[in-house]
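Below is the file coords26.cif, which contains mmCIF, C-alpha atoms.
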data_final
#
loop_
_atom_site.group_PDB
_atom_site.id
_atom_site.type_symbol
_atom_site.label_atom_id
_atom_site.label_comp_id
_atom_site.auth_asym_id
_atom_site.auth_seq_id
_atom_site.Cartn_x
_atom_site.Cartn_y
_atom_site.Cartn_z
ATOM 1 C CA MET A 1029 -13.710 -31.396 -3.369
ATOM 2 C CA ARG A 1030 -10.379 -31.221 -1.614
ATOM 3 C CA SER A 1031 -9.328 -27.945 -0.034
ATOM 4 C CA ASP A 1032 -6.223 -26.095 -1.119
ATOM 5 C CA ASP A 1033 -4.505 -27.127 2.127
ATOM 6 C CA GLU A 1034 -5.210 -30.810 1.572
ATOM 7 C CA ILE A 1035 -3.873 -30.620 -1.982
ATOM 8 C CA ILE A 1036 -0.727 -28.857 -0.840
ATOM 9 C CA ARG A 1037 -0.233 -31.338 2.011
ATOM 10 C CA LEU A 1038 -0.527 -34.299 -0.364
ATOM 11 C CA CYS A 1039 1.954 -32.672 -2.756
ATOM 12 C CA GLN A 1040 4.382 -31.957 0.075
ATOM 13 C CA GLN A 1041 4.151 -35.620 1.097
ATOM 14 C CA GLY A 1042 5.250 -36.451 -2.440
ATOM 15 C CA ARG A 1043 1.958 -38.109 -3.354
ATOM 16 C CA SER A 1044 1.043 -38.071 -7.026
ATOM 17 C CA GLU A 1045 -2.694 -37.766 -6.313
ATOM 18 C CA GLY A 1046 -2.027 -34.316 -4.800
ATOM 19 C CA PHE A 1047 -0.349 -33.036 -7.937
ATOM 20 C CA ALA A 1048 -3.044 -34.666 -10.105
ATOM 21 C CA LEU A 1049 -5.695 -32.789 -8.095
ATOM 22 C CA LEU A 1050 -3.773 -29.552 -8.439
ATOM 23 C CA LEU A 1051 -3.679 -30.012 -12.209
ATOM 24 C CA ASP A 1052 -7.371 -30.929 -12.372
ATOM 25 C CA LEU A 1053 -8.352 -27.798 -10.467
ATOM 26 C CA TYR A 1054 -5.953 -25.248 -11.863
ATOM 27 C CA GLN A 1055 -4.490 -26.347 -15.197
ATOM 28 C CA ASN A 1056 -7.324 -24.855 -17.295
ATOM 29 C CA ARG A 1057 -7.440 -21.727 -15.171
ATOM 30 C CA VAL A 1058 -3.717 -21.123 -15.594
ATOM 31 C CA TYR A 1059 -4.036 -21.743 -19.345
ATOM 32 C CA ARG A 1060 -6.913 -19.254 -19.643
ATOM 33 C CA ARG A 1061 -5.000 -16.617 -17.728
ATOM 34 C CA ALA A 1062 -1.861 -17.228 -19.784
ATOM 35 C CA TYR A 1063 -3.939 -17.036 -22.970
ATOM 36 C CA SER A 1064 -5.466 -13.721 -21.827
ATOM 37 C CA PHE A 1065 -1.967 -12.344 -21.331
ATOM 38 C CA LEU A 1066 -0.314 -13.786 -24.428
ATOM 39 C CA HIS A 1067 -3.152 -14.160 -26.943
ATOM 40 C CA ASP A 1068 -1.516 -17.153 -28.552
ATOM 41 C CA LYS A 1069 -2.486 -20.789 -28.040
ATOM 42 C CA GLU A 1070 0.995 -22.303 -28.340
ATOM 43 C CA ASP A 1071 2.551 -19.632 -26.148
ATOM 44 C CA ALA A 1072 -0.189 -20.139 -23.556
ATOM 45 C CA LEU A 1073 0.368 -23.916 -23.556
ATOM 46 C CA ASP A 1074 4.136 -23.441 -23.153
ATOM 47 C CA ALA A 1075 3.554 -20.928 -20.370
ATOM 48 C CA THR A 1076 1.156 -23.328 -18.605
ATOM 49 C CA GLN A 1077 3.809 -26.045 -18.726
ATOM 50 C CA ASP A 1078 6.471 -23.662 -17.388
ATOM 51 C CA VAL A 1079 4.162 -22.543 -14.581
ATOM 52 C CA PHE A 1080 3.528 -26.083 -13.332
ATOM 53 C CA VAL A 1081 7.172 -27.110 -13.635
ATOM 54 C CA ARG A 1082 8.017 -24.120 -11.432
ATOM 55 C CA VAL A 1083 5.170 -25.063 -9.099
ATOM 56 C CA LEU A 1084 6.285 -28.665 -8.609
ATOM 57 C CA LYS A 1085 9.804 -27.508 -7.770
ATOM 58 C CA ALA A 1086 8.613 -24.864 -5.307
ATOM 59 C CA ILE A 1087 5.582 -26.517 -3.745
ATOM 60 C CA GLY A 1088 7.640 -27.896 -0.862
ATOM 61 C CA HIS A 1089 8.104 -24.329 0.389
ATOM 62 C CA PHE A 1090 4.456 -23.282 0.046
ATOM 63 C CA GLU A 1091 2.974 -22.304 3.404
ATOM 64 C CA LEU A 1092 -0.188 -24.137 4.374
ATOM 65 C CA GLY A 1093 -3.167 -21.896 5.138
ATOM 66 C CA ASN A 1094 -2.692 -19.688 2.076
ATOM 67 C CA PRO A 1095 -4.942 -19.969 -0.996
ATOM 68 C CA ILE A 1096 -3.246 -21.459 -4.049
ATOM 69 C CA TRP A 1097 -4.674 -19.243 -6.794
ATOM 70 C CA PRO A 1098 -2.926 -15.934 -5.891
ATOM 71 C CA TRP A 1099 0.372 -17.851 -5.827
ATOM 72 C CA LEU A 1100 -0.360 -19.535 -9.160
ATOM 73 C CA ARG A 1101 -1.531 -16.234 -10.647
ATOM 74 C CA GLN A 1102 1.728 -14.582 -9.605
ATOM 75 C CA ILE A 1103 3.792 -17.405 -11.137
ATOM 76 C CA THR A 1104 1.656 -17.200 -14.301
ATOM 77 C CA THR A 1105 2.126 -13.424 -14.439
ATOM 78 C CA ASN A 1106 5.898 -13.736 -13.999
ATOM 79 C CA THR A 1107 6.161 -16.534 -16.548
ATOM 80 C CA CYS A 1108 4.150 -14.577 -19.122
ATOM 81 C CA LEU A 1109 6.116 -11.394 -18.415
ATOM 82 C CA ASN A 1110 9.336 -13.301 -19.079
ATOM 83 C CA ARG A 1111 7.954 -14.659 -22.335
ATOM 84 C CA ILE A 1112 6.800 -11.194 -23.408
ATOM 85 C CA ARG A 1113 10.212 -9.723 -22.612
ATOM 86 C CA GLU A 1114 11.948 -12.517 -24.513
ATOM 87 C CA LYS A 1115 9.736 -11.976 -27.541
ATOM 88 C CA ARG A 1116 9.680 -8.211 -27.366
ATOM 89 C CA SER A 1117 11.710 -7.806 -30.531
ATOM 90 C CA ARG A 1118 9.147 -9.861 -32.454
ATOM 91 C CA PRO A 1119 6.022 -7.918 -33.450
ATOM 92 C CA GLU A 1120 2.753 -9.157 -32.005
ATOM 93 C CA THR A 1121 0.576 -10.783 -34.657
ATOM 94 C CA LEU A 1122 -3.169 -10.942 -34.594
ATOM 95 C CA SER A 1123 -4.857 -14.235 -35.236
ATOM 96 C CA PHE A 1124 -7.864 -12.943 -37.113
ATOM 97 C CA ASP A 1125 -8.647 -16.424 -38.468
ATOM 98 C CA GLU A 1126 -8.790 -17.804 -34.952
ATOM 99 C CA ALA A 1127 -11.306 -15.143 -33.900
ATOM 100 C CA TRP A 1128 -13.321 -15.929 -37.037
ATOM 101 C CA ASP A 1129 -13.232 -19.656 -36.244
ATOM 102 C CA GLN A 1130 -14.375 -18.950 -32.706
ATOM 103 C CA MET A 1131 -17.309 -17.044 -34.137
ATOM 104 C CA ASP A 1132 -18.215 -20.016 -36.329
ATOM 105 C CA THR A 1133 -18.054 -22.518 -33.504
ATOM 106 C CA ASP A 1134 -19.826 -20.345 -30.936
ATOM 107 C CA ASP A 1135 -22.853 -22.362 -29.883
ATOM 108 C CA GLY A 1136 -24.110 -20.040 -27.154
ATOM 109 C CA GLU A 1137 -27.734 -19.554 -26.253
ATOM 110 C CA GLY A 1138 -30.139 -17.154 -27.909
ATOM 111 C CA ASN A 1139 -31.238 -16.644 -31.453
ATOM 112 C CA PRO A 1140 -28.805 -16.852 -34.354
ATOM 113 C CA GLU A 1141 -28.805 -13.081 -34.945
ATOM 114 C CA ARG A 1142 -28.007 -12.389 -31.305
ATOM 115 C CA ARG A 1143 -25.290 -15.057 -31.367
ATOM 116 C CA ALA A 1144 -23.808 -13.511 -34.481
ATOM 117 C CA LEU A 1145 -23.901 -10.062 -32.863
ATOM 118 C CA ASP A 1146 -22.291 -11.380 -29.655
ATOM 119 C CA ALA A 1147 -19.660 -13.125 -31.688
ATOM 120 C CA TRP A 1148 -18.985 -9.953 -33.663
ATOM 121 C CA GLU A 1149 -18.675 -7.904 -30.449
ATOM 122 C CA ARG A 1150 -16.364 -10.498 -28.950
ATOM 123 C CA MET A 1151 -14.382 -10.640 -32.137
ATOM 124 C CA TRP A 1152 -13.628 -6.930 -32.222
ATOM 125 C CA LEU A 1153 -12.711 -7.038 -28.519
ATOM 126 C CA GLU A 1154 -10.453 -10.054 -29.002
ATOM 127 C CA GLN A 1155 -8.927 -8.373 -32.027
ATOM 128 C CA ALA A 1156 -8.412 -5.079 -30.206
ATOM 129 C CA LEU A 1157 -6.920 -6.838 -27.169
ATOM 130 C CA GLY A 1158 -4.597 -8.737 -29.489
ATOM 131 C CA GLU A 1159 -3.409 -5.456 -31.011
ATOM 132 C CA LEU A 1160 -2.500 -3.936 -27.636
ATOM 133 C CA PRO A 1161 1.139 -3.968 -26.548
ATOM 134 C CA PRO A 1162 1.508 -7.110 -24.374
ATOM 135 C CA LEU A 1163 2.224 -5.230 -21.149
ATOM 136 C CA HIS A 1164 -0.832 -3.017 -21.666
ATOM 137 C CA ARG A 1165 -2.916 -6.156 -22.211
ATOM 138 C CA MET A 1166 -1.558 -7.710 -19.009
ATOM 139 C CA VAL A 1167 -2.513 -4.615 -17.026
ATOM 140 C CA ILE A 1168 -6.041 -4.732 -18.503
ATOM 141 C CA VAL A 1169 -6.442 -8.429 -17.635
ATOM 142 C CA LEU A 1170 -5.162 -8.001 -14.089
ATOM 143 C CA ARG A 1171 -7.393 -4.973 -13.527
ATOM 144 C CA HIS A 1172 -10.629 -6.098 -15.150
ATOM 145 C CA GLN A 1173 -10.526 -9.885 -14.927
ATOM 146 C CA GLU A 1174 -8.478 -10.493 -11.795
ATOM 147 C CA GLU A 1175 -9.863 -7.292 -10.241
ATOM 148 C CA LEU A 1176 -6.547 -6.272 -8.708
ATOM 149 C CA SER A 1177 -6.011 -2.727 -7.454
ATOM 150 C CA TYR A 1178 -3.447 -0.434 -9.127
ATOM 151 C CA GLU A 1179 -1.040 -1.128 -6.242
ATOM 152 C CA GLU A 1180 -1.464 -4.895 -6.534
ATOM 153 C CA ILE A 1181 -0.816 -4.736 -10.283
ATOM 154 C CA SER A 1182 2.260 -2.624 -9.620
ATOM 155 C CA ARG A 1183 3.594 -5.294 -7.237
ATOM 156 C CA ALA A 1184 2.588 -8.227 -9.448
ATOM 157 C CA MET A 1185 4.302 -6.793 -12.526
ATOM 158 C CA ASN A 1186 7.123 -5.089 -10.674
ATOM 159 C CA LEU A 1187 6.300 -1.767 -12.372
ATOM 160 C CA PRO A 1188 5.999 1.721 -10.849
ATOM 161 C CA LEU A 1189 2.443 2.723 -9.939
ATOM 162 C CA GLY A 1190 2.512 5.637 -12.402
ATOM 163 C CA THR A 1191 3.507 3.304 -15.236
ATOM 164 C CA VAL A 1192 0.640 0.945 -14.384
ATOM 165 C CA LYS A 1193 -1.846 3.827 -14.550
ATOM 166 C CA THR A 1194 -0.394 5.097 -17.820
ATOM 167 C CA TYR A 1195 -0.585 1.629 -19.420
ATOM 168 C CA LEU A 1196 -4.139 1.171 -18.172
ATOM 169 C CA PHE A 1197 -5.429 4.531 -19.386
ATOM 170 C CA ARG A 1198 -3.737 4.177 -22.769
ATOM 171 C CA ALA A 1199 -4.975 0.623 -23.216
ATOM 172 C CA ARG A 1200 -8.561 1.486 -22.354
ATOM 173 C CA ARG A 1201 -8.464 4.498 -24.639
ATOM 174 C CA ALA A 1202 -7.171 2.325 -27.499
ATOM 175 C CA LEU A 1203 -9.916 -0.223 -26.808
ATOM 176 C CA ARG A 1204 -12.606 2.456 -26.727
ATOM 177 C CA GLU A 1205 -11.400 3.830 -30.054
ATOM 178 C CA ALA A 1206 -11.419 0.305 -31.484
ATOM 179 C CA MET A 1207 -14.950 -0.189 -30.172
ATOM 180 C CA GLU A 1208 -16.091 3.049 -31.810
ATOM 181 C CA ARG A 1209 -14.445 2.056 -35.100
ATOM 182 C CA SER A 1210 -16.111 -1.351 -34.966
ATOM 183 C CA SER A 1211 -19.559 0.144 -34.288
ATOM 184 C CA ARG A 1212 -19.099 2.495 -37.265
ATOM 185 C CA THR A 1213 -18.055 -0.303 -39.601
ATOM 186 C CA GLY A 1214 -20.226 -3.046 -38.071
ATOM 187 C CA MET B 892 -17.106 23.726 -23.192
ATOM 188 C CA ARG B 893 -13.731 22.065 -22.995
ATOM 189 C CA CYS B 894 -13.834 18.277 -22.544
ATOM 190 C CA LEU B 895 -12.161 16.650 -19.563
ATOM 191 C CA ASP B 896 -9.071 14.536 -19.691
ATOM 192 C CA ASP B 897 -9.847 10.998 -20.817
ATOM 193 C CA SER B 898 -8.195 9.397 -17.766
ATOM 194 C CA LEU B 899 -10.517 11.326 -15.412
ATOM 195 C CA LEU B 900 -13.540 9.929 -17.254
ATOM 196 C CA GLN B 901 -12.118 6.418 -16.988
ATOM 197 C CA MET B 902 -11.561 6.882 -13.261
ATOM 198 C CA LEU B 903 -15.120 8.163 -12.840
ATOM 199 C CA VAL B 904 -16.491 5.025 -14.507
ATOM 200 C CA GLU B 905 -14.360 2.624 -12.497
ATOM 201 C CA GLY B 906 -15.059 4.506 -9.264
ATOM 202 C CA THR B 907 -11.506 5.444 -8.344
ATOM 203 C CA LEU B 908 -12.202 9.196 -8.043
ATOM 204 C CA GLU B 909 -12.993 10.490 -4.587
ATOM 205 C CA GLY B 910 -14.395 13.583 -2.854
ATOM 206 C CA PRO B 911 -14.640 16.936 -4.625
ATOM 207 C CA GLU B 912 -12.764 15.655 -7.698
ATOM 208 C CA GLU B 913 -15.484 13.101 -8.305
ATOM 209 C CA ASP B 914 -18.190 15.751 -7.835
ATOM 210 C CA ILE B 915 -16.549 18.137 -10.308
ATOM 211 C CA VAL B 916 -16.077 15.447 -12.979
ATOM 212 C CA TYR B 917 -19.591 14.123 -12.449
ATOM 213 C CA ALA B 918 -21.083 17.620 -12.749
ATOM 214 C CA HIS B 919 -19.150 18.244 -15.962
ATOM 215 C CA VAL B 920 -20.311 14.985 -17.518
ATOM 216 C CA GLN B 921 -23.930 15.951 -16.832
ATOM 217 C CA THR B 922 -23.555 19.025 -18.985
ATOM 218 C CA CYS B 923 -21.080 17.926 -21.699
ATOM 219 C CA ALA B 924 -22.550 15.694 -24.402
ATOM 220 C CA ALA B 925 -19.167 14.553 -25.717
ATOM 221 C CA CYS B 926 -17.902 13.516 -22.282
ATOM 222 C CA LYS B 927 -21.247 11.845 -21.558
ATOM 223 C CA GLU B 928 -20.841 9.790 -24.719
ATOM 224 C CA THR B 929 -17.256 8.887 -23.757
ATOM 225 C CA VAL B 930 -18.419 7.792 -20.303
ATOM 226 C CA ARG B 931 -21.137 5.649 -21.885
ATOM 227 C CA ALA B 932 -18.535 4.030 -24.127
ATOM 228 C CA TYR B 933 -16.225 3.313 -21.179
ATOM 229 C CA LYS B 934 -19.100 1.780 -19.215
ATOM 230 C CA GLN B 935 -19.802 -0.564 -22.109
ATOM 231 C CA LEU B 936 -16.107 -1.362 -22.571
ATOM 232 C CA MET B 937 -15.501 -2.095 -18.896
ATOM 233 C CA TRP B 938 -18.547 -4.343 -18.761
ATOM 234 C CA ASP B 939 -17.253 -6.253 -21.794
ATOM 235 C CA LEU B 940 -13.799 -6.531 -20.241
ATOM 236 C CA GLU B 941 -15.205 -7.812 -16.968
ATOM 237 C CA HIS B 942 -17.333 -10.446 -18.724
ATOM 238 C CA PRO B 943 -14.865 -11.960 -21.132
ATOM 239 C CA ARG B 944 -15.659 -14.950 -23.244
ATOM 240 C CA PRO B 945 -13.279 -17.518 -21.712
ATOM 241 C CA PRO B 946 -10.791 -18.739 -24.281
ATOM 242 C CA ASP B 947 -11.387 -22.260 -25.519
ATOM 243 C CA VAL B 948 -9.178 -24.775 -23.801
ATOM 244 C CA PRO B 949 -7.597 -27.134 -26.341
ATOM 245 C CA ALA B 950 -8.673 -30.418 -24.707
ATOM 246 C CA ALA B 951 -6.274 -32.784 -26.521
ATOM 247 C CA GLU B 952 -3.212 -30.615 -25.927
ATOM 248 C CA MET B 953 -4.167 -30.070 -22.298
ATOM 249 C CA ALA B 954 -4.563 -33.826 -21.743
ATOM 250 C CA GLU B 955 -1.106 -34.380 -23.236
ATOM 251 C CA LEU B 956 0.301 -31.601 -21.103
ATOM 252 C CA ASN B 957 -1.315 -33.149 -18.033
ATOM 253 C CA LYS B 958 0.380 -36.494 -18.768
ATOM 254 C CA ALA B 959 3.730 -34.824 -19.385
ATOM 255 C CA LEU B 960 3.491 -32.843 -16.154
ATOM 256 C CA MET B 961 2.608 -35.977 -14.157
ATOM 257 C CA ALA B 962 5.695 -37.649 -15.643
ATOM 258 C CA VAL B 963 7.831 -34.644 -14.638
ATOM 259 C CA TRP B 964 6.330 -34.804 -11.142
ATOM 260 C CA LYS B 965 7.185 -38.514 -10.796
ATOM 261 C CA ALA B 966 10.719 -37.942 -12.085
ATOM 262 C CA GLU B 967 11.165 -35.040 -9.664
ATOM 263 C CA GLN B 968 9.879 -37.112 -6.739
ATOM 264 C CA SER B 969 12.156 -40.011 -7.606
ATOM 265 C CA ALA B 970 15.130 -37.636 -7.952
ATOM 266 C CA GLN B 971 14.333 -36.158 -4.540
ATOM 267 C CA LYS B 972 14.082 -39.627 -2.962
ATOM 268 C CA HIS B 973 17.375 -40.615 -4.556
ATOM 269 C CA ALA B 974 19.001 -37.436 -3.252
ATOM 270 C CA LYS B 975 17.668 -38.179 0.249
ATOM 271 C CA ARG B 976 18.969 -41.742 0.143
ATOM 272 C CA ARG B 977 22.349 -40.470 -0.999
ATOM 273 C CA SER B 978 22.474 -37.952 1.820
ATOM 274 C CA THR B 979 21.594 -40.573 4.474
ATOM 275 C CA ARG B 980 24.359 -42.814 3.097
ATOM 276 C CA SER B 981 26.818 -40.003 3.012
ATOM 277 C CA PHE B 982 28.846 -41.277 5.994
ATOM 278 C CA ILE B 983 29.095 -44.764 4.480
ATOM 279 C CA PRO B 984 31.674 -43.956 1.827
ATOM 280 C CA SER B 985 34.019 -42.588 4.497
ATOM 281 C CA TRP B 986 33.489 -45.677 6.577
ATOM 282 C CA ALA B 987 33.958 -47.866 3.512
ATOM 283 C CA GLY B 988 37.040 -45.846 2.640
ATOM 284 C CA TYR B 989 38.558 -46.514 6.021
ATOM 285 C CA SER B 990 37.727 -50.171 5.788
ATOM 286 C CA VAL B 991 39.381 -50.365 2.383
ATOM 287 C CA GLN B 992 42.413 -48.581 3.784
ATOM 288 C CA TRP B 993 42.615 -50.979 6.698
ATOM 289 C CA ALA B 994 42.050 -53.880 4.396
ATOM 290 C CA ARG B 995 45.342 -53.032 2.682
ATOM 291 C CA HIS B 996 47.149 -53.807 5.942
ATOM 292 C CA VAL B 997 45.283 -57.007 6.619
ATOM 293 C CA PRO B 998 47.432 -59.478 4.593
ATOM 294 C CA PRO B 999 50.763 -58.489 6.211
ATOM 295 C CA VAL B 1000 49.129 -58.418 9.637
ATOM 296 C CA ASP B 1001 47.542 -61.730 8.901
ATOM 297 C CA PHE B 1002 50.878 -63.110 7.717
ATOM 298 C CA VAL B 1003 52.745 -61.878 10.808
ATOM 299 C CA GLY B 1004 49.914 -63.133 12.997
ATOM 300 C CA GLY B 1005 50.113 -66.501 11.294
ATOM 301 C CA VAL B 1006 53.910 -66.667 11.814
ATOM 302 C CA ILE B 1007 53.491 -65.710 15.467
ATOM 303 C CA THR B 1008 50.693 -68.195 15.919
ATOM 304 C CA ARG B 1009 52.653 -70.965 14.285
ATOM 305 C CA ALA B 1010 55.854 -70.104 16.233
ATOM 306 C CA GLY B 1011 53.860 -69.851 19.464
ATOM 307 C CA SER B 1012 52.195 -73.204 18.987
ATOM 308 C CA ARG B 1013 55.569 -74.779 18.150
ATOM 309 C CA LEU B 1014 57.030 -73.249 21.290
ATOM 310 C CA LEU B 1015 54.133 -74.555 23.370
ATOM 311 C CA ASP B 1016 54.508 -77.995 21.796
ATOM 312 C CA THR B 1017 58.234 -77.975 22.608
ATOM 313 C CA VAL B 1018 57.597 -76.857 26.216
ATOM 314 C CA ALA B 1019 54.982 -79.581 26.629
ATOM 315 C CA LEU B 1020 57.388 -82.143 25.152
ATOM 316 C CA LEU B 1021 60.176 -81.020 27.491
ATOM 317 C CA ARG B 1022 57.811 -81.204 30.441
ATOM 318 C CA ARG B 1023 56.716 -84.676 29.512
ATOM 319 C CA SER B 1024 60.277 -85.864 29.019
ATOM 320 C CA GLY B 1025 61.358 -84.204 32.364
ATOM 321 C CA LYS B 1026 58.553 -85.970 34.217
ATOM 322 C CA ALA B 1027 59.558 -89.272 32.689
ATOM 323 C CA LYS B 1028 63.185 -88.824 33.758
ATOM 324 C CA GLY B 1029 62.116 -87.921 37.343
ATOM 325 C CA GLY B 1030 60.051 -91.090 37.547
ATOM 326 C CA GLU B 1031 63.013 -93.232 36.557
ATOM 327 C CA ARG B 1032 65.209 -91.561 39.262
ATOM 328 C CA ARG B 1033 62.678 -92.383 41.949
#

Please express the file's structure as C-alpha cells.
Amino acid sequence: MRSDDEIIRLCQQGRSEGFALLLDLYQNRVYRRAYSFLHDKEDALDATQDVFVRVLKAIGHFELGNPIWPWLRQITTNTCLNRIREKRSRPETLSFDEAWDQMDTDDGEGNPERRALDAWERMWLEQALGELPPLHRMVIVLRHQEELSYEEISRAMNLPLGTVKTYLFRARRALREAMERSSRTG
Amino acid sequence: MRCLDDSLLQMLVEGTLEGPEEDIVYAHVQTCAACKETVRAYKQLMWDLEHPRPPDVPAAEMAELNKALMAVWKAEQSAQKHAKRRSTRSFIPSWAGYSVQWARHVPPVDFVGGVITRAGSRLLDTVALLRRSGKAKGGERR
C-alpha cells in the first residue's frame, strides 16, 4: 500500500494514479463520516463530492510529512457544517424506513434472535442520532467516533469550548433518554 | 439524597473528571441508586457510540462518483497545464505585437529601399558606362 506521502507526491506531480489511490483509500471513509454527520444518503454523497473537489484544488499546497486523514476530516467537517447551516431552516427528517431496511438486510454473525436484538438496538440509536440537532450530532461523532478532545472539537467546528460541552452533554442526555424509552417499549 | 448534575455523571464515565471532584462524584455514585443507574446507562450509551455500525456505502453511486471525480481531476490538470503554457507564452504576444507594428512599416520601407536600390544600380551602371567610354576615348588619343 502506498503511504500518504507517496499519494500526495503523485497528486502534486499531476498524476492521475495518485488521485485514484486517494479516492480508493479515502472515498468510503469520507462518505461514512459525512453520513454520520448528516444522516442522509444523498446529502452524504453530495458532501463527499464537494470534499474531493476541494481536495483536488488544494492538494498542491498540502505539506508532505503530514497524515492525510486529519486534513480530510477537517474538510469533511467544514463541508458538512456548511450544508447544515444552509439547510438549517429545513427541519431534520428521520428516515425510519431506511433504518428498518438496514435491519432487514443485516447479515451479521450470531443467531437470528441476537441479530434481531442488535438490529433493534442499532435502530433506536440510529433513530435517536437522527433526531438530534445536526450540530449536536456532529459533536457526538467527533467525540465518540473520531475521539477528539473538547478543545479539538472546538477548533474543528469553530465553536466556543463551553458551547461544545453544552452540545455534548445535552446530546448524550437526549440519547440516554431515548435509550431508556426504547428499553421500556422494546 | 439529592442526585448529582447529569453532566458530572457523564464526565465521570468518560474520565474527564480529575482529583477531588472525581473522588466526590465517585463516592456519591456508590451510595445513590439513581445516579448509579444513570452511570450504567451512560456506560452502555458511550460503548454503543464508540462501536457504531458503519453506514452502508452505496456501491453503485460511489463508483459513479469516483468516475466523475476522476473526470474533474483530469479537467483540472488540463486546465492547469493550459494556464502554465499560457503563462510561459505571455511574452510572445508583446513580441508578436511589436512585429505586427513593425510589419506595418515594411512596405513603405521596402518601396523606398527598392527605389534607392534601383536608382543606385542605375547610377553605378551610368558610372561604369562613362568609365568605359572615357577609357575608349583615351585609347584613341594615344

Would you mind listing, as an NGL selection string, all residues of chain B that have at least one atom within 8 Å of chain A, where all atoms listed in the file are what counts? :B and (897-898 or 901 or 932-933 or 936-937 or 940-948 or 952-953 or 956-957 or 960-961 or 963-965 or 967-968)

Report, in Å with one decimal, the straight-line distance from atom CA of B:Tyr917 to atom CA of B:Leu899.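 Distance reported for this atom pair: 9.9 Å.
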
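Atom CA of B:Ile1007 is found 25.2 Å from atom CA of B:Ser1024.
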
Rounded to one decimal, what separation in Å do you get between atom CA of A:Gln1040 and atom CA of A:Val1083?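 Calculated distance between atom CA of A:Gln1040 and atom CA of A:Val1083 is 11.5 Å.
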
Check what the PyMOL selection byres ((chain A and resi 1036) around 8) selects in the file above and give those residues as a PyMOL selection string. chain A and resi 1032-1035+1037-1040+1046+1087+1090+1092

Care to translate the PyMOL selection byres ((chain A and resi 1109) around 12) into actual residues of this file, as a VMD selection string? chain A and resid 1062 1065 to 1066 1071 to 1072 1075 1079 1101 to 1108 1110 to 1116 1162 to 1167 1184 to 1187

Limited to C-alpha atoms, could you put the picked residues into a file as a JSON list (two decimals), keeping the file's coordinate frame?
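For reference, part.json as written:
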[["chain", "number", "residue", "atom", "x", "y", "z"],
["A", 1062, "ALA", "CA", -1.86, -17.23, -19.78],
["A", 1065, "PHE", "CA", -1.97, -12.34, -21.33],
["A", 1066, "LEU", "CA", -0.31, -13.79, -24.43],
["A", 1071, "ASP", "CA", 2.55, -19.63, -26.15],
["A", 1072, "ALA", "CA", -0.19, -20.14, -23.56],
["A", 1075, "ALA", "CA", 3.55, -20.93, -20.37],
["A", 1079, "VAL", "CA", 4.16, -22.54, -14.58],
["A", 1101, "ARG", "CA", -1.53, -16.23, -10.65],
["A", 1102, "GLN", "CA", 1.73, -14.58, -9.60],
["A", 1103, "ILE", "CA", 3.79, -17.40, -11.14],
["A", 1104, "THR", "CA", 1.66, -17.20, -14.30],
["A", 1105, "THR", "CA", 2.13, -13.42, -14.44],
["A", 1106, "ASN", "CA", 5.90, -13.74, -14.00],
["A", 1107, "THR", "CA", 6.16, -16.53, -16.55],
["A", 1108, "CYS", "CA", 4.15, -14.58, -19.12],
["A", 1110, "ASN", "CA", 9.34, -13.30, -19.08],
["A", 1111, "ARG", "CA", 7.95, -14.66, -22.34],
["A", 1112, "ILE", "CA", 6.80, -11.19, -23.41],
["A", 1113, "ARG", "CA", 10.21, -9.72, -22.61],
["A", 1114, "GLU", "CA", 11.95, -12.52, -24.51],
["A", 1115, "LYS", "CA", 9.74, -11.98, -27.54],
["A", 1116, "ARG", "CA", 9.68, -8.21, -27.37],
["A", 1162, "PRO", "CA", 1.51, -7.11, -24.37],
["A", 1163, "LEU", "CA", 2.22, -5.23, -21.15],
["A", 1164, "HIS", "CA", -0.83, -3.02, -21.67],
["A", 1165, "ARG", "CA", -2.92, -6.16, -22.21],
["A", 1166, "MET", "CA", -1.56, -7.71, -19.01],
["A", 1167, "VAL", "CA", -2.51, -4.62, -17.03],
["A", 1184, "ALA", "CA", 2.59, -8.23, -9.45],
["A", 1185, "MET", "CA", 4.30, -6.79, -12.53],
["A", 1186, "ASN", "CA", 7.12, -5.09, -10.67],
["A", 1187, "LEU", "CA", 6.30, -1.77, -12.37]]

Stretch 914-919 of chain B: axis-aligned bounding box, 3 Å on each side, centre and edge lengths in Å, one decimal, as JSON:
{"center_x": -18.6, "center_y": 16.2, "center_z": -11.9, "size_x": 11.0, "size_y": 10.1, "size_z": 14.1}
